[in-house]
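Q: Supplied structure: input.cif, mmCIF, C-alpha atoms.
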```cif
data_run
loop_
_atom_site.group_PDB
_atom_site.id
_atom_site.type_symbol
_atom_site.label_atom_id
_atom_site.label_comp_id
_atom_site.auth_asym_id
_atom_site.auth_seq_id
_atom_site.Cartn_x
_atom_site.Cartn_y
_atom_site.Cartn_z
ATOM 1 C CA MET A 1 -0.399 12.104 -12.313
ATOM 2 C CA ALA A 2 3.189 12.584 -11.221
ATOM 3 C CA PRO A 3 4.049 13.495 -7.629
ATOM 4 C CA ARG A 4 3.806 17.220 -6.991
ATOM 5 C CA ARG A 5 6.740 19.101 -5.529
ATOM 6 C CA SER A 6 6.454 22.133 -3.291
ATOM 7 C CA THR A 7 9.098 24.834 -3.093
ATOM 8 C CA ALA A 8 10.342 23.051 0.024
ATOM 9 C CA GLY A 9 11.042 19.952 -2.014
ATOM 10 C CA ALA A 10 8.218 17.893 -0.509
ATOM 11 C CA VAL A 11 6.607 15.154 -2.572
ATOM 12 C CA ALA A 12 3.027 14.018 -1.999
ATOM 13 C CA LEU A 13 2.684 10.276 -2.395
ATOM 14 C CA GLY A 14 -0.509 8.997 -3.928
ATOM 15 C CA VAL A 15 -1.873 12.391 -4.895
ATOM 16 C CA VAL A 16 -4.579 10.577 -6.862
ATOM 17 C CA LEU A 17 -5.489 8.550 -3.791
ATOM 18 C CA THR A 18 -8.204 10.948 -2.731
ATOM 19 C CA VAL A 19 -9.983 9.803 -5.866
ATOM 20 C CA ALA A 20 -8.805 6.222 -6.322
ATOM 21 C CA GLY A 21 -8.759 5.489 -2.609
ATOM 22 C CA LEU A 22 -12.343 6.586 -2.128
ATOM 23 C CA SER A 23 -13.636 3.490 -3.851
ATOM 24 C CA ALA A 24 -14.564 0.545 -1.676
ATOM 25 C CA PRO A 25 -13.388 -2.901 -2.779
ATOM 26 C CA ARG A 26 -15.252 -4.024 -5.880
ATOM 27 C CA ALA A 27 -18.619 -5.494 -5.019
ATOM 28 C CA GLY A 28 -19.286 -8.954 -6.366
ATOM 29 C CA ALA A 29 -15.715 -9.538 -7.466
ATOM 30 C CA GLN A 30 -15.256 -13.075 -8.715
ATOM 31 C CA PRO A 31 -12.153 -15.241 -8.595
ATOM 32 C CA ALA A 32 -10.419 -15.558 -11.937
ATOM 33 C CA GLY A 33 -9.749 -19.237 -11.338
ATOM 34 C CA PRO A 34 -6.516 -21.156 -11.864
ATOM 35 C CA SER A 35 -3.931 -19.757 -14.247
ATOM 36 C CA ALA A 36 -0.307 -20.275 -15.136
ATOM 37 C CA THR A 37 0.739 -17.595 -12.644
ATOM 38 C CA GLY A 38 -1.428 -18.542 -9.682
ATOM 39 C CA GLN A 39 -5.060 -18.362 -8.650
ATOM 40 C CA CYS A 40 -7.393 -16.372 -6.466
ATOM 41 C CA THR A 41 -8.025 -17.375 -2.882
ATOM 42 C CA GLY A 42 -11.598 -16.334 -2.202
ATOM 43 C CA LEU A 43 -11.936 -12.749 -3.382
ATOM 44 C CA VAL A 44 -8.325 -11.694 -2.856
ATOM 45 C CA PRO A 45 -5.064 -12.232 -4.754
ATOM 46 C CA SER A 46 -3.145 -15.448 -4.285
ATOM 47 C CA THR A 47 -0.174 -15.546 -1.939
ATOM 48 C CA THR A 48 1.683 -17.698 -4.459
ATOM 49 C CA PRO A 49 4.554 -15.688 -6.010
ATOM 50 C CA SER A 50 3.617 -14.690 -9.553
ATOM 51 C CA SER A 51 4.054 -11.976 -12.138
ATOM 52 C CA PHE A 52 1.131 -10.165 -10.480
ATOM 53 C CA ASN A 53 2.756 -9.704 -7.074
ATOM 54 C CA ARG A 54 6.501 -10.101 -7.603
ATOM 55 C CA THR A 55 8.241 -6.742 -7.150
ATOM 56 C CA PRO A 56 10.152 -5.870 -10.344
ATOM 57 C CA ARG A 57 13.788 -4.868 -10.147
ATOM 58 C CA GLY A 58 14.862 -1.266 -10.202
ATOM 59 C CA ALA A 59 13.581 1.988 -8.768
ATOM 60 C CA GLY A 60 10.822 2.352 -11.336
ATOM 61 C CA PRO A 61 8.537 3.201 -12.758
ATOM 62 C CA TRP A 62 8.029 -0.556 -13.008
ATOM 63 C CA HIS A 63 5.042 -2.482 -14.278
ATOM 64 C CA VAL A 64 3.175 -5.666 -13.368
ATOM 65 C CA PRO A 65 0.260 -7.379 -15.138
ATOM 66 C CA LEU A 66 -3.229 -6.421 -13.984
ATOM 67 C CA ASP A 67 -4.502 -9.005 -11.489
ATOM 68 C CA PRO A 68 -8.198 -9.853 -12.031
ATOM 69 C CA CYS A 69 -8.344 -11.166 -8.443
ATOM 70 C CA ASN A 70 -7.454 -7.816 -6.879
ATOM 71 C CA PRO A 71 -10.482 -6.261 -5.113
ATOM 72 C CA GLU A 72 -9.176 -2.716 -5.456
ATOM 73 C CA PRO A 73 -10.101 -0.371 -8.326
ATOM 74 C CA LEU A 74 -8.458 -1.458 -11.569
ATOM 75 C CA ALA A 75 -6.722 1.883 -12.182
ATOM 76 C CA HIS A 76 -4.046 0.235 -10.114
ATOM 77 C CA TYR A 77 -0.987 2.408 -10.649
ATOM 78 C CA THR A 78 -2.845 5.400 -9.225
ATOM 79 C CA ASN A 79 -4.019 3.423 -6.176
ATOM 80 C CA CYS A 80 -1.557 2.514 -3.405
ATOM 81 C CA ALA A 81 -4.058 0.033 -1.947
ATOM 82 C CA TYR A 82 -3.839 -2.071 -5.123
ATOM 83 C CA TRP A 83 -0.203 -3.013 -4.450
ATOM 84 C CA GLY A 84 -0.950 -3.448 -0.764
ATOM 85 C CA ALA A 85 -3.589 -6.040 -1.629
ATOM 86 C CA GLU A 86 -1.160 -7.825 -3.951
ATOM 87 C CA LYS A 87 1.598 -8.060 -1.350
ATOM 88 C CA ARG A 88 -0.539 -8.569 1.761
ATOM 89 C CA PRO A 89 -3.835 -10.160 0.646
ATOM 90 C CA ASP A 90 -4.313 -11.529 4.168
ATOM 91 C CA ILE A 91 -5.161 -8.020 5.413
ATOM 92 C CA TRP A 92 -7.942 -7.752 2.846
ATOM 93 C CA GLN A 93 -9.164 -11.290 3.523
ATOM 94 C CA ASN A 94 -9.169 -10.899 7.315
ATOM 95 C CA ALA A 95 -9.946 -7.198 7.775
ATOM 96 C CA VAL A 96 -10.737 -4.908 4.829
ATOM 97 C CA LEU A 97 -13.344 -7.227 3.291
ATOM 98 C CA GLN A 98 -14.902 -8.100 6.651
ATOM 99 C CA PRO A 99 -18.239 -6.567 7.790
ATOM 100 C CA ASP A 100 -16.630 -3.766 9.820
ATOM 101 C CA GLY A 101 -13.937 -3.072 7.226
ATOM 102 C CA GLY A 102 -13.914 -1.600 3.751
ATOM 103 C CA TYR A 103 -12.992 2.072 4.096
ATOM 104 C CA GLY A 104 -15.977 2.841 6.292
ATOM 105 C CA HIS A 105 -14.240 5.153 8.753
ATOM 106 C CA GLY A 106 -14.303 8.939 8.618
ATOM 107 C CA ALA A 107 -14.731 11.273 5.678
ATOM 108 C CA SER A 108 -11.473 10.603 3.840
ATOM 109 C CA GLY A 109 -12.295 7.073 2.702
ATOM 110 C CA GLY A 110 -8.610 6.625 1.955
ATOM 111 C CA ALA A 111 -5.794 4.169 2.537
ATOM 112 C CA TRP A 112 -5.420 5.097 6.219
ATOM 113 C CA ASN A 113 -8.589 3.089 6.810
ATOM 114 C CA ILE A 114 -6.671 -0.078 5.919
ATOM 115 C CA LYS A 115 -4.659 0.413 9.103
ATOM 116 C CA ILE A 116 -7.854 1.036 11.070
ATOM 117 C CA ASP A 117 -9.406 -2.138 9.651
ATOM 118 C CA ALA A 118 -6.279 -4.154 10.479
ATOM 119 C CA ALA A 119 -6.296 -2.904 14.072
ATOM 120 C CA THR A 120 -10.011 -3.665 14.395
ATOM 121 C CA TYR A 121 -9.409 -7.272 13.408
ATOM 122 C CA GLY A 122 -6.451 -7.907 15.684
ATOM 123 C CA TYR A 123 -3.359 -7.321 13.582
ATOM 124 C CA ARG A 124 -0.217 -6.364 15.474
ATOM 125 C CA ILE A 125 0.806 -2.816 14.580
ATOM 126 C CA SER A 126 3.859 -0.924 15.779
ATOM 127 C CA HIS A 127 6.415 1.706 14.785
ATOM 128 C CA ARG A 128 9.143 -0.933 14.361
ATOM 129 C CA PRO A 129 9.437 -2.317 10.828
ATOM 130 C CA LYS A 130 9.971 -5.850 9.633
ATOM 131 C CA ALA A 131 10.343 -7.097 6.088
ATOM 132 C CA GLY A 132 6.903 -8.192 4.899
ATOM 133 C CA ASP A 133 5.020 -5.502 6.806
ATOM 134 C CA LEU A 134 2.530 -3.152 5.213
ATOM 135 C CA ALA A 135 3.445 0.412 6.166
ATOM 136 C CA ALA A 136 0.642 2.938 6.649
ATOM 137 C CA TRP A 137 0.514 6.695 7.154
ATOM 138 C CA PRO A 138 -2.338 8.999 8.274
ATOM 139 C CA PRO A 139 -3.746 11.647 5.918
ATOM 140 C CA ASN A 140 -1.241 14.371 4.982
ATOM 141 C CA ALA A 141 1.442 12.888 7.253
ATOM 142 C CA THR A 142 5.126 13.520 6.738
ATOM 143 C CA MET A 143 6.230 9.998 5.895
ATOM 144 C CA GLY A 144 9.956 10.598 6.022
ATOM 145 C CA SER A 145 12.849 11.553 3.786
ATOM 146 C CA GLU A 146 14.617 10.048 0.800
ATOM 147 C CA LYS A 147 18.070 10.847 -0.527
ATOM 148 C CA SER A 148 18.040 12.155 -4.084
ATOM 149 C CA GLY A 149 21.405 12.949 -5.585
ATOM 150 C CA SER A 150 23.029 15.498 -3.313
ATOM 151 C CA GLY A 151 19.696 16.559 -1.816
ATOM 152 C CA THR A 152 16.781 15.193 0.184
ATOM 153 C CA ILE A 153 13.135 14.716 -0.746
ATOM 154 C CA ILE A 154 10.478 14.878 1.960
ATOM 155 C CA ARG A 155 7.726 12.358 1.250
ATOM 156 C CA LEU A 156 4.155 13.268 2.193
ATOM 157 C CA ALA A 157 1.045 11.085 2.363
ATOM 158 C CA SER A 158 -2.008 12.158 0.391
ATOM 159 C CA PRO A 159 -5.208 13.529 2.021
ATOM 160 C CA GLY A 160 -6.419 9.927 2.220
ATOM 161 C CA GLY A 161 -3.224 8.499 3.717
ATOM 162 C CA HIS A 162 -0.858 6.031 2.096
ATOM 163 C CA VAL A 163 0.259 2.398 2.289
ATOM 164 C CA ALA A 164 3.390 0.700 0.939
ATOM 165 C CA TYR A 165 5.002 -2.720 1.219
ATOM 166 C CA VAL A 166 8.203 -3.175 3.238
ATOM 167 C CA GLU A 167 10.746 -5.096 1.148
ATOM 168 C CA LYS A 168 13.613 -4.652 3.622
ATOM 169 C CA ALA A 169 13.871 -3.062 7.057
ATOM 170 C CA TRP A 170 16.571 -1.454 9.178
ATOM 171 C CA ALA A 171 16.363 0.466 12.462
ATOM 172 C CA SER A 172 15.385 3.811 10.939
ATOM 173 C CA ARG A 173 14.980 3.062 7.228
ATOM 174 C CA VAL A 174 12.818 0.853 5.062
ATOM 175 C CA LYS A 175 12.969 -0.206 1.441
ATOM 176 C CA LEU A 176 9.438 0.266 0.109
ATOM 177 C CA SER A 177 7.614 -0.810 -3.026
ATOM 178 C CA THR A 178 4.441 1.071 -3.822
ATOM 179 C CA THR A 179 1.908 2.222 -6.357
ATOM 180 C CA GLY A 180 -0.183 5.356 -5.911
ATOM 181 C CA ILE A 181 2.530 7.850 -6.780
ATOM 182 C CA GLY A 182 1.208 8.387 -10.301
ATOM 183 C CA SER A 183 -0.129 6.639 -13.376
ATOM 184 C CA HIS A 184 3.264 5.713 -14.851
ATOM 185 C CA GLY A 185 3.913 2.608 -12.741
ATOM 186 C CA GLY A 186 5.151 1.451 -9.362
ATOM 187 C CA TYR A 187 8.249 2.633 -7.524
ATOM 188 C CA THR A 188 10.801 1.237 -5.082
ATOM 189 C CA PHE A 189 12.876 3.457 -2.819
ATOM 190 C CA ILE A 190 14.543 3.674 0.599
ATOM 191 C CA LEU A 191 12.845 5.936 3.125
ATOM 192 C CA LYS A 192 14.142 7.236 6.426
ATOM 193 C CA PHE A 193 10.738 6.964 8.024
ATOM 194 C CA ASN A 194 9.002 9.247 10.492
ATOM 195 C CA LYS A 195 8.965 7.096 13.634
ATOM 196 C CA HIS A 196 5.917 8.880 15.037
ATOM 197 C CA LYS A 197 3.712 8.779 11.938
ATOM 198 C CA THR A 198 4.677 5.463 10.326
ATOM 199 C CA PHE A 199 2.667 2.410 11.371
ATOM 200 C CA PHE A 200 3.754 -1.102 10.393
ATOM 201 C CA ILE A 201 1.083 -3.784 10.054
ATOM 202 C CA HIS A 202 2.841 -7.033 10.906
ATOM 203 C CA ARG A 203 2.057 -10.483 9.620
ATOM 204 C CA GLY A 204 -0.415 -12.525 11.630
ATOM 205 C CA GLY A 205 -3.840 -11.453 12.852
ATOM 206 C CA SER A 206 -5.669 -11.956 16.113
ATOM 207 C CA SER A 207 -5.037 -15.707 15.961
ATOM 208 C CA SER A 208 -1.248 -15.285 15.994
#
```
Rewrite the structure from the file as structure tokens, please.
A:
Amino acid sequence: MAPRRSTAGAVALGVVLTVAGLSAPRAGAQPAGPSATGQCTGLVPSTTPSSFNRTPRGAGPWHVPLDPCNPEPLAHYTNCAYWGAEKRPDIWQNAVLQPDGGYGHGASGGAWNIKIDAATYGYRISHRPKAGDLAAWPPNATMGSEKSGSGTIIRLASPGGHVAYVEKAWASRVKLSTTGIGSHGGYTFILKFNKHKTFFIHRGGSSS
């Protein structure tokens, strides 16, 4: 499903997330074993760069092969958490798949719970971005704005929240790669982020 636009020009990111994001990580997922493009580490994707997790060039929609190691639902282009798990599998390994993780907070069952899980397990989270962070937004939050031609698009999180990977970071803008916008593929864009509603999950957990 493509992003919906209101008369105000707002775009809801991950509008399918209230469906796709409701699913907990797949129970009993098994590593796919070694392959030419990498291998699973436990029950999460490998951190080794591969065709599964390497961000394609261009704004999108872009496409990556389906990763059998990913614990998120396999309808991956409609699920922002899928790409989050590909780019930051450590958060799933250390938080989401832990006993107190796994979308178990509140009624939404959406991507915002990834941030809650990360905080629970000691990840550093702030409003200041760094390349390599996983950005997270609460349900229905105004994420920020994106230039589009001569106009501006206001990006909105879905009712379950949203996550996206930070490819590059500046003081008030981030270059994001994400799935969960629709079923056509992933997208990359530059967002002037809402400094009050955007949370950046930094690398390194409680042991860092």
Q: So how many Å separate atom CA of Pro139 of chain A and atom CA of Pro159 of chain A, to one decimal?
A: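 For atom CA of Pro139 of chain A relative to atom CA of Pro159 of chain A, the distance reads 4.6 Å.
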Q: Have a look at atom CA of Trp83 of chain A and atom CA of His127 of chain A and let me know their distance in Å, one decimal.
A: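 Between atom CA of Trp83 of chain A and atom CA of His127 of chain A the gap works out to 20.9 Å.
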Q: With the file shown as input, list the residues that the PyMOL selection byres ((chain A and resi 95) around 10) selects, as a PyMOL selection string.
A: chain A and resi 89-94+96-102+114-123+205
Q: Using all atoms listed in the file, can you tell me which of A:Ala171, A:Ser126, A:Ala85, A:Gly132 comes closest to Pro71 of chain A?
A: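 So, comparing all the options, the nearest one is A:Ala85.
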Q: Using Å and a single decimal, report how far atom CA of Ser46 of chain A sits from atom CA of Trp137 of chain A.
A: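 Atom-to-atom, atom CA of Trp137 of chain A and atom CA of Ser46 of chain A are spaced 25.2 Å apart.
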Q: For the structure shown, which residues end up in the PyMOL selection byres ((chain A and resi 173) around 10)? Put them as number ranges by chain, please?
A: A: 129, 144-146, 168-172, 174-176, 190-195
